[in-house]
Each structure stands twice: as C-alpha cells, then as structure tokens.
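Have a look at the structure below, then the notes.
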Amino acid sequence: MAFIADFHIHSMYSRATSKDMDIEHLNKAAKLKGIDLVGTGDFTHPVWLNDLKRTLIPQEDGLYKYKDTLFVLTTEVSNVFFKKGRVKKVHNLIFAPNFYVAEKISNKLGKFGDLQSDGRPTLKMEASDLVEEVLGVSEEAFVVPAHIWTPWFSLFGANSGFDSIEDCFGKYTKYVYALETGLSSDPEMNWCVSSLDRFTLISNSDAHSPSKLGREANVFSQKLGYKEIKEVLKMKDSKRFLYTIEFFPQEGKYHYDGHRRCQICLSPEESRKYNNFCPKCGEKLTIGVMHRIEILGDRKRGYVPSGAIPFKHLVPLSEIIAEALNQGVDTKGVEEKYERIVHQAGGELKALLETSREELSLMASPEIVEGIMRVREGRVRIKCGYDGVYGKISIFDKGERKEQRQLNLF
C-alpha cells in the first residue's frame, strides 16, 4: 500500500498562513487527502516547537504521531546574504530526527536571525554555512533547497539565486541529496538540466492552509521511518520512491514571465523580443521558471534521465467538482459532493489517482467522473501563471458547462 508524504508546510506562526494550521486541523486535512506523513514545518519557532512537543507522540522510527497522522520534524528558513557583490536569497528545508536535534539546530540558528518573528525565519548567513551548522549538530539532519526555481528566494531564482548548486553550497554540495521542484516546475522541466541528474527531486505543497495540503506530494511504496526517508532521498531509490504528485506547472504563479501590474504574461521567447522589459510600461519583467530552465538547461523537453523518479499531474478534487457543476469551489454543493467521494474512495488522492472509472461512477455524477478522468489523462487547457498570479486550468469548454448546468436543474 502506498505511503504518501508532504514534507513542506507552514504552521499558524508563519506569515500569511491560516489560523487553522495547527496539529488538529492538519490531522483532519491529512485524513481527507489520504496523506500518511506530514512535515511539521516551522520547528525553529519556539512556541510551535513547544506545541509539537506537547501534542506529538514519538515513534520508534524517528517519526511522531497525532491520532491518524504521522509527522516528521521539518522547517523552512530564508538565507539572505551577500556573495560576489550581490544579495542572494535562498529558501531551504531542514529535516531533523528528533526534538533534541531540532532544538539544538534552533539554538544555533538563533544567532543569525529572529526565530520568534516568523515561522520561516530570515537568517543572515550563507546557505553553505547553514548546511555546516545543521550537520555540526547532527549528521542525521539534512538540508533540501526549497522551490528551487522561484524568481524570489530560491537556489536558481532569476532575481537572487545562482546558476549552479556548487556556486551556492560550495564544498557542502555533496551533502545536498534532494531538491524541491516547486509548484511552477515539474520533474520533466528539471530533466532539461543535466547537472541535476544526481539529485532526487521531491514535491511538496508548501501549504499555508489545511485545504492546500497534498497539492504536491511524494508517493513511496511502503511506510518509511526517518532514517529510511533520508536513505531513499540520498540513494534516489526508485524501488521505494514511486512517483511525485505535481501541480500542472503552468498553473504555478511563476511559470511564465510577466508584469502583474500591467497584466502582461509572456513566454520566454516573447520576453526576449522585448529584451525582458514590459512592453506596456517599460519596467523589468519578472523572469519565470520556464525561462530560467531554458537558460540553464542543456537538453530538450522530453528527455528522461536514467533512474528518474516518475510523476503524475493532478488538479484538486474540489476544483474539478466545481467546474464540472459550474459552481463555486466554496459552495455547499461542492463541499457535500467532495466529502461523499473522499469518504467512499478512502481519500482525495486515491480518488484522483487510483480509483477506477467504474468505481467513481458509483460515487459521483458522470460530469465529475469525466472531469477526474480528463485530469488523469492530462486533457486540460491552462492559462499560464506569471509574476505571482496563479494560472487557470479549464477541464471543460463553455458549451459543455452550459449543458451541465441544464442537467443539474433536474
């Protein structure tokens, strides 16, 4: 039976997060989604760490448990530093094997920034120094660069990142085993860059509210403890790491280039025609993920490296239901149908990825089943995201939605 993990989330103590990002609500959301293991996020925040200590029950395999859900100790930090005359801003995930190590890491990092002001603290230290400090506390802990292509705050970001992992982490590159692709890229895009072949690509939700949990995740063949998770990522073990669950990357809010204020969205080719400046106001465009991959890549799209971990795209079930019924995502009708399908299928992700058409037909209306199958087969249309604006996915055309609205009257 598959074991699904979402390692990167945030607690209520991070900025711009829901007040419901506590353990109780995370457990409920994980159960609805069908997620087995959730990263705690924000263990560097002292109040959240105390909440975790009080709430979670230690397990023998280095994980923790609350009711139906397993947790692993994780946090995200923002490294801001000068290198070669430029300000660099790189976000990194830290995994810790136990509370003792998590607390010691927090004590170390507290010298470089205010840990109480934000669950994702800003640290005035180089990313390479972060790895050194974390490994200095425990060799069982490890660091994973977060959402590596995002224009702001990432390893390869156009505005404040690097052109290679070695430029960022130096001699500590050998201790980096995995990379988080982020919502605006998928593994296929990353496979265009041959220098990334040795790294295991992981995908996580970076959820700021319970409903976003599992929008990207990792699927393993069996239950894994902390040491096994690290080993699988280090060895790029495709026998135990089955696939990642992905956003359609075009839906990510930094997939294409653009200028939000002018509502300008451009492909890399179009941006180059304007020398990367907004054709409406003349300001510099925000260069998106696709453009950066074209700059750093040395392969054409479609190449699959040896030993690559597969992936599957999805659209959240509530969004499929809402479009199929031509209703708002937050309406009572969509919520009722969502709960029915999730309950009968054994979780949202199971319904989206595994449940057969025949079984789905016993749980939902034909238009909802058709929507799920179209997403599963990649038969969607997408208006690309840019400069902080999410892309928009269409599963049905306007004519089909009109027919469905008429059907719903009866």
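For the structure tokens, the naming scheme is as follows: chains receive sequential letters (A, B, ...) according to their order of presentation, residues are indexed from 1 within each chain, and ligands are indexed from 1 in presentation order.
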
For this session: Write out as a PyMOL selection string the residues lying within 12 Å of A:Lys230, counting only C-alpha atoms and excluding same-chain residues fewer than 3 positions away.
Result: chain A and resi 62+72+94-97+139-144+175-178+200+224-227+233-237+240-241

Problem set entry | Sel. of strand (DSSP E) residues, stretch 67-274 of chain A, as a PyMOL selection string | chain A and resi 69-83+86-96+122-123+142-145+178-180+200-202+217-220+241-246+257-259+264-266

Members of stretch 294-342 of chain A assigned alpha helix (DSSP H) by DSSP, as an mmCIF file with C-alpha atoms, in the first residue's frame:
data_model
loop_
_atom_site.group_PDB
_atom_site.id
_atom_site.type_symbol
_atom_site.label_atom_id
_atom_site.label_comp_id
_atom_site.auth_asym_id
_atom_site.auth_seq_id
_atom_site.Cartn_x
_atom_site.Cartn_y
_atom_site.Cartn_z
ATOM 1 C CA GLU A 294 15.796 27.394 -20.804
ATOM 2 C CA ILE A 295 18.834 29.467 -19.773
ATOM 3 C CA LEU A 296 20.448 26.799 -17.577
ATOM 4 C CA LEU A 317 -10.832 17.425 -6.431
ATOM 5 C CA SER A 318 -12.892 20.372 -5.196
ATOM 6 C CA GLU A 319 -11.816 22.373 -8.266
ATOM 7 C CA ILE A 320 -12.796 19.516 -10.601
ATOM 8 C CA ILE A 321 -16.219 19.235 -8.934
ATOM 9 C CA ALA A 322 -16.739 22.995 -9.037
ATOM 10 C CA GLU A 323 -16.007 23.234 -12.750
ATOM 11 C CA ALA A 324 -17.977 20.101 -13.603
ATOM 12 C CA LEU A 325 -21.043 21.530 -11.854
ATOM 13 C CA LYS A 332 -22.170 23.844 -0.068
ATOM 14 C CA GLY A 333 -22.999 21.660 -3.073
ATOM 15 C CA VAL A 334 -19.323 21.210 -3.980
ATOM 16 C CA GLU A 335 -18.393 20.532 -0.357
ATOM 17 C CA GLU A 336 -21.073 17.838 0.025
ATOM 18 C CA LYS A 337 -20.021 16.040 -3.150
ATOM 19 C CA TYR A 338 -16.353 16.320 -2.190
ATOM 20 C CA GLU A 339 -16.961 14.720 1.223
ATOM 21 C CA ARG A 340 -19.007 11.902 -0.288
ATOM 22 C CA ILE A 341 -16.343 10.989 -2.858
ATOM 23 C CA VAL A 342 -13.483 11.263 -0.378
#

Problem set entry | Spatial neighbours of A:Ala351, max dist 10 Å, only C-alpha atoms, sep filter under 2 positions, as a PyMOL selection string | chain A and resi 33-34+317+341-349+353-357+359-360+363+369+372

For this session: Report the distance between atom CA of A:Ala16 and atom CA of A:Val389 in Å, rounded to one decimal place.
Result: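 Taking atom CA of A:Ala16 as the start and atom CA of A:Val389 as the end point, the length is 16.1 Å.
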
At a cut-off of 12 Å, using only C-alpha atoms, what residues contact A:Glu76? Leave out same-chain residues fewer than 6 positions from it and give the result as a PDB file with N, CA and C atoms, in the first residue's frame.
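Output saved as result_2.pdb:
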ATOM      1  N   PHE A   7       6.226  16.931   2.870  1.00  0.00           N
ATOM      2  CA  PHE A   7       7.239  17.329   3.841  1.00  0.00           C
ATOM      3  C   PHE A   7       7.266  18.821   4.158  1.00  0.00           C
ATOM      4  N   HIS A   8       6.722  19.657   3.280  1.00  0.00           N
ATOM      5  CA  HIS A   8       6.927  21.097   3.410  1.00  0.00           C
ATOM      6  C   HIS A   8       5.590  21.814   3.596  1.00  0.00           C
ATOM      7  N   ILE A   9       5.335  22.273   4.810  1.00  0.00           N
ATOM      8  CA  ILE A   9       4.147  23.070   5.130  1.00  0.00           C
ATOM      9  C   ILE A   9       4.558  24.174   6.100  1.00  0.00           C
ATOM     10  N   HIS A  10       3.593  24.990   6.490  1.00  0.00           N
ATOM     11  CA  HIS A  10       3.853  26.024   7.498  1.00  0.00           C
ATOM     12  C   HIS A  10       2.783  25.991   8.582  1.00  0.00           C
ATOM     13  N   SER A  11       3.167  26.427   9.758  1.00  0.00           N
ATOM     14  CA  SER A  11       2.240  26.494  10.883  1.00  0.00           C
ATOM     15  C   SER A  11       1.562  27.852  10.920  1.00  0.00           C
ATOM     16  N   SER A  14       3.750  31.147  10.877  1.00  0.00           N
ATOM     17  CA  SER A  14       4.368  31.762   9.707  1.00  0.00           C
ATOM     18  C   SER A  14       3.482  32.876   9.186  1.00  0.00           C
ATOM     19  N   GLY A  39       5.153  16.946   7.112  1.00  0.00           N
ATOM     20  CA  GLY A  39       6.197  17.707   7.792  1.00  0.00           C
ATOM     21  C   GLY A  39       5.568  18.685   8.763  1.00  0.00           C
ATOM     22  N   THR A  40       6.196  18.885   9.897  1.00  0.00           N
ATOM     23  CA  THR A  40       5.631  19.804  10.896  1.00  0.00           C
ATOM     24  C   THR A  40       5.730  21.249  10.451  1.00  0.00           C
ATOM     25  N   GLY A  41       6.783  21.557   9.660  1.00  0.00           N
ATOM     26  CA  GLY A  41       7.081  22.947   9.355  1.00  0.00           C
ATOM     27  C   GLY A  41       7.457  23.714  10.608  1.00  0.00           C
ATOM     28  N   ASP A  42       8.233  24.762  10.462  1.00  0.00           N
ATOM     29  CA  ASP A  42       8.421  25.815  11.474  1.00  0.00           C
ATOM     30  C   ASP A  42       8.968  25.352  12.821  1.00  0.00           C
ATOM     31  N   PHE A  43       9.734  24.247  12.866  1.00  0.00           N
ATOM     32  CA  PHE A  43      10.187  23.815  14.202  1.00  0.00           C
ATOM     33  C   PHE A  43      11.158  24.809  14.842  1.00  0.00           C
ATOM     34  N   THR A  44      11.663  25.780  14.065  1.00  0.00           N
ATOM     35  CA  THR A  44      12.538  26.802  14.647  1.00  0.00           C
ATOM     36  C   THR A  44      11.764  27.833  15.464  1.00  0.00           C
ATOM     37  N   HIS A  45      10.433  27.870  15.296  1.00  0.00           N
ATOM     38  CA  HIS A  45       9.637  28.824  16.073  1.00  0.00           C
ATOM     39  C   HIS A  45       9.415  28.257  17.477  1.00  0.00           C
ATOM     40  N   VAL A  90      17.903  32.625  -0.569  1.00  0.00           N
ATOM     41  CA  VAL A  90      17.661  31.210  -0.864  1.00  0.00           C
ATOM     42  C   VAL A  90      16.882  30.570   0.286  1.00  0.00           C
ATOM     43  N   HIS A  91      15.766  29.926  -0.026  1.00  0.00           N
ATOM     44  CA  HIS A  91      14.994  29.202   0.983  1.00  0.00           C
ATOM     45  C   HIS A  91      15.431  27.742   1.030  1.00  0.00           C
ATOM     46  N   ASN A  92      15.536  27.217   2.247  1.00  0.00           N
ATOM     47  CA  ASN A  92      15.972  25.839   2.438  1.00  0.00           C
ATOM     48  C   ASN A  92      15.106  25.129   3.470  1.00  0.00           C
ATOM     49  N   LEU A  93      14.858  23.846   3.234  1.00  0.00           N
ATOM     50  CA  LEU A  93      14.169  22.990   4.208  1.00  0.00           C
ATOM     51  C   LEU A  93      15.202  22.281   5.062  1.00  0.00           C
ATOM     52  N   ILE A  94      14.886  22.120   6.337  1.00  0.00           N
ATOM     53  CA  ILE A  94      15.736  21.356   7.252  1.00  0.00           C
ATOM     54  C   ILE A  94      14.910  20.212   7.826  1.00  0.00           C
ATOM     55  N   PHE A  95      15.463  19.005   7.780  1.00  0.00           N
ATOM     56  CA  PHE A  95      14.845  17.817   8.388  1.00  0.00           C
ATOM     57  C   PHE A  95      15.639  17.466   9.649  1.00  0.00           C
ATOM     58  N   ALA A  96      14.932  17.179  10.739  1.00  0.00           N
ATOM     59  CA  ALA A  96      15.589  16.816  11.997  1.00  0.00           C
ATOM     60  C   ALA A  96      15.041  15.477  12.506  1.00  0.00           C
ATOM     61  N   SER A 106      17.853  24.972  16.312  1.00  0.00           N
ATOM     62  CA  SER A 106      17.215  26.269  16.544  1.00  0.00           C
ATOM     63  C   SER A 106      18.120  27.191  17.360  1.00  0.00           C
ATOM     64  N   LEU A 109      20.811  28.508  15.046  1.00  0.00           N
ATOM     65  CA  LEU A 109      20.333  29.440  14.039  1.00  0.00           C
ATOM     66  C   LEU A 109      19.829  30.739  14.651  1.00  0.00           C
ATOM     67  N   LEU A 115      14.029  34.155  15.511  1.00  0.00           N
ATOM     68  CA  LEU A 115      13.218  32.963  15.277  1.00  0.00           C
ATOM     69  C   LEU A 115      11.773  33.136  15.724  1.00  0.00           C
ATOM     70  N   ASP A 118       8.786  34.973  12.899  1.00  0.00           N
ATOM     71  CA  ASP A 118       8.193  34.292  11.756  1.00  0.00           C
ATOM     72  C   ASP A 118       8.546  32.811  11.820  1.00  0.00           C
ATOM     73  N   GLY A 119       7.566  31.961  11.517  1.00  0.00           N
ATOM     74  CA  GLY A 119       7.821  30.515  11.484  1.00  0.00           C
ATOM     75  C   GLY A 119       8.847  30.131  10.436  1.00  0.00           C
ATOM     76  N   ARG A 120       8.965  30.950   9.399  1.00  0.00           N
ATOM     77  CA  ARG A 120      10.022  30.781   8.406  1.00  0.00           C
ATOM     78  C   ARG A 120      10.979  31.955   8.596  1.00  0.00           C
ATOM     79  N   PRO A 121      11.963  31.802   9.454  1.00  0.00           N
ATOM     80  CA  PRO A 121      12.810  32.939   9.830  1.00  0.00           C
ATOM     81  C   PRO A 121      13.788  33.343   8.737  1.00  0.00           C
ATOM     82  N   THR A 122      14.144  34.613   8.736  1.00  0.00           N
ATOM     83  CA  THR A 122      15.190  35.130   7.852  1.00  0.00           C
ATOM     84  C   THR A 122      16.510  35.082   8.593  1.00  0.00           C
ATOM     85  N   LEU A 123      17.495  34.406   7.997  1.00  0.00           N
ATOM     86  CA  LEU A 123      18.795  34.219   8.618  1.00  0.00           C
ATOM     87  C   LEU A 123      19.876  34.912   7.799  1.00  0.00           C
ATOM     88  N   LEU A 130      24.687  27.296   6.477  1.00  0.00           N
ATOM     89  CA  LEU A 130      23.528  26.622   7.067  1.00  0.00           C
ATOM     90  C   LEU A 130      23.757  25.116   7.113  1.00  0.00           C
ATOM     91  N   PHE A 142      19.416  16.910   7.729  1.00  0.00           N
ATOM     92  CA  PHE A 142      19.853  17.253   6.374  1.00  0.00           C
ATOM     93  C   PHE A 142      19.046  18.423   5.830  1.00  0.00           C
ATOM     94  N   VAL A 143      19.592  19.028   4.764  1.00  0.00           N
ATOM     95  CA  VAL A 143      19.023  20.240   4.168  1.00  0.00           C
ATOM     96  C   VAL A 143      18.606  19.952   2.729  1.00  0.00           C
ATOM     97  N   VAL A 144      17.430  20.471   2.328  1.00  0.00           N
ATOM     98  CA  VAL A 144      16.931  20.354   0.956  1.00  0.00           C
ATOM     99  C   VAL A 144      16.587  21.761   0.466  1.00  0.00           C
ATOM    100  N   PRO A 145      17.218  22.244  -0.606  1.00  0.00           N
ATOM    101  CA  PRO A 145      16.819  23.545  -1.162  1.00  0.00           C
ATOM    102  C   PRO A 145      15.349  23.540  -1.564  1.00  0.00           C
ATOM    103  N   ALA A 146      14.631  24.605  -1.187  1.00  0.00           N
ATOM    104  CA  ALA A 146      13.177  24.670  -1.395  1.00  0.00           C
ATOM    105  C   ALA A 146      12.827  25.360  -2.714  1.00  0.00           C
ATOM    106  N   HIS A 147      11.721  24.923  -3.342  1.00  0.00           N
ATOM    107  CA  HIS A 147      11.155  25.509  -4.572  1.00  0.00           C
ATOM    108  C   HIS A 147      12.246  26.208  -5.397  1.00  0.00           C
ATOM    109  N   PHE A 153      13.766  34.282  -3.736  1.00  0.00           N
ATOM    110  CA  PHE A 153      14.053  33.379  -2.620  1.00  0.00           C
ATOM    111  C   PHE A 153      14.225  31.912  -3.036  1.00  0.00           C
ATOM    112  N   SER A 154      15.125  31.635  -3.966  1.00  0.00           N
ATOM    113  CA  SER A 154      15.381  30.233  -4.298  1.00  0.00           C
ATOM    114  C   SER A 154      16.766  30.051  -4.893  1.00  0.00           C
ATOM    115  N   GLU A 180      13.718  20.421  -4.079  1.00  0.00           N
ATOM    116  CA  GLU A 180      12.273  20.575  -4.190  1.00  0.00           C
ATOM    117  C   GLU A 180      11.956  21.383  -5.449  1.00  0.00           C
ATOM    118  N   ASP A 206       3.918  23.124   0.316  1.00  0.00           N
ATOM    119  CA  ASP A 206       4.228  24.445   0.881  1.00  0.00           C
ATOM    120  C   ASP A 206       2.928  25.087   1.367  1.00  0.00           C
ATOM    121  N   ALA A 207       2.078  24.257   1.991  1.00  0.00           N
ATOM    122  CA  ALA A 207       0.726  24.690   2.357  1.00  0.00           C
ATOM    123  C   ALA A 207       0.732  25.774   3.429  1.00  0.00           C
TER     124      ALA A 207
END

For this session: Identify which of the residues A:Ser160, A:Asn190, A:Ser209, A:Ser195 lies closest to A:Met21, counting only C-alpha atoms when measuring atom-to-atom distances.
Result: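 Counting only C-alpha atoms, the residue closest to A:Met21 is A:Ser209.
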
Closest atom pairs, stretch 82-163 of chain A residues within 12 Å of stretch 382-388 of chain A, only C-alpha atoms, as CSV:
residue,atom,partner,partner_atom,distance
A:Thr150,CA,A:Gly388,CA,10.0
A:Pro151,CA,A:Asp387,CA,8.6
A:Trp152,CA,A:Asp387,CA,10.1
A:Ala158,CA,A:Asp387,CA,11.9
A:Asn159,CA,A:Asp387,CA,11.9

Resulting file, chosen residues, C-alpha atoms, as a PDB file, in the first residue's frame:
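Output (result.pdb):
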ATOM      1  CA  THR A 150      11.023  30.551  -7.874  1.00  0.00           C
ATOM      2  CA  PRO A 151      12.230  34.020  -9.026  1.00  0.00           C
ATOM      3  CA  TRP A 152      12.413  35.304  -5.463  1.00  0.00           C
ATOM      4  CA  ALA A 158      16.253  34.783 -11.578  1.00  0.00           C
ATOM      5  CA  ASN A 159      16.312  37.684  -9.109  1.00  0.00           C
TER       6      ASN A 159
END

Problem set entry | A:Lys124 environment, 6 Å, only C-alpha atoms, sequence neighbours closer than 5 positions dropped, as a VMD selection string | chain A and resid 80 to 81 112

Exercise. Contacts of A:Ser267 at 10 Å or less, counting only C-alpha atoms, minus same-chain residues fewer than 2 places along, as a list in words?
Worked result: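 Those residues are His255, Tyr256, Asp257, Gly258, Cys265, Glu269, Glu270, Ser271, Arg272, Ile287, Gly288, Met290, His291, Cys384 and Tyr386 of chain A.
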
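Considering only C-alpha atoms, the residue among A:Phe82, A:Phe3, A:Phe311, A:Phe199 positioned nearest to A:Glu216 is A:Phe311.
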
Exercise. Can you tell me how far atom CA of A:Arg215 sits from atom CA of A:Leu196, in Å to one decimal?
Worked result: 23.5 Å

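In this comparison, which uses only C-alpha atoms, the residue of A:Gly282, A:Pro310, A:Gly85, A:Gly170 approaching A:Val219 most closely is A:Pro310.
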
For this session: Excluding A:Ser238 and residues on its chain fewer than 6 positions from it, collect all residues at most 9 Å away from it, counting only C-alpha atoms, and give them as a PyMOL selection string.
Result: chain A and resi 220+232+307-310

Since we have the selection now, will you write its residues out, keeping C-alpha atoms, as a compact mmCIF listing (two decimals), in the first residue's frame?
# COMPACT_ATOMS: atom_id res chain seq x y z
CA PHE A 220 6.55 5.76 -1.58
CA VAL A 232 15.79 6.85 -0.12
CA GLY A 307 16.78 6.29 -12.80
CA ALA A 308 14.45 9.31 -12.80
CA ILE A 309 11.52 9.20 -10.38
CA PRO A 310 8.21 9.39 -12.36

For this session: Go ahead and compute the interatomic distance for atom CA of A:Trp191 and atom CA of A:Arg301, in Å to one decimal.
Result: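 Value for the atom CA of A:Trp191-atom CA of A:Arg301 distance: 7.7 Å.
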
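The residue that comes closest to A:Ser164, out of A:Ser306, A:Leu52, A:Phe99, A:Gly297 and on the basis of only C-alpha atoms, is A:Gly297.
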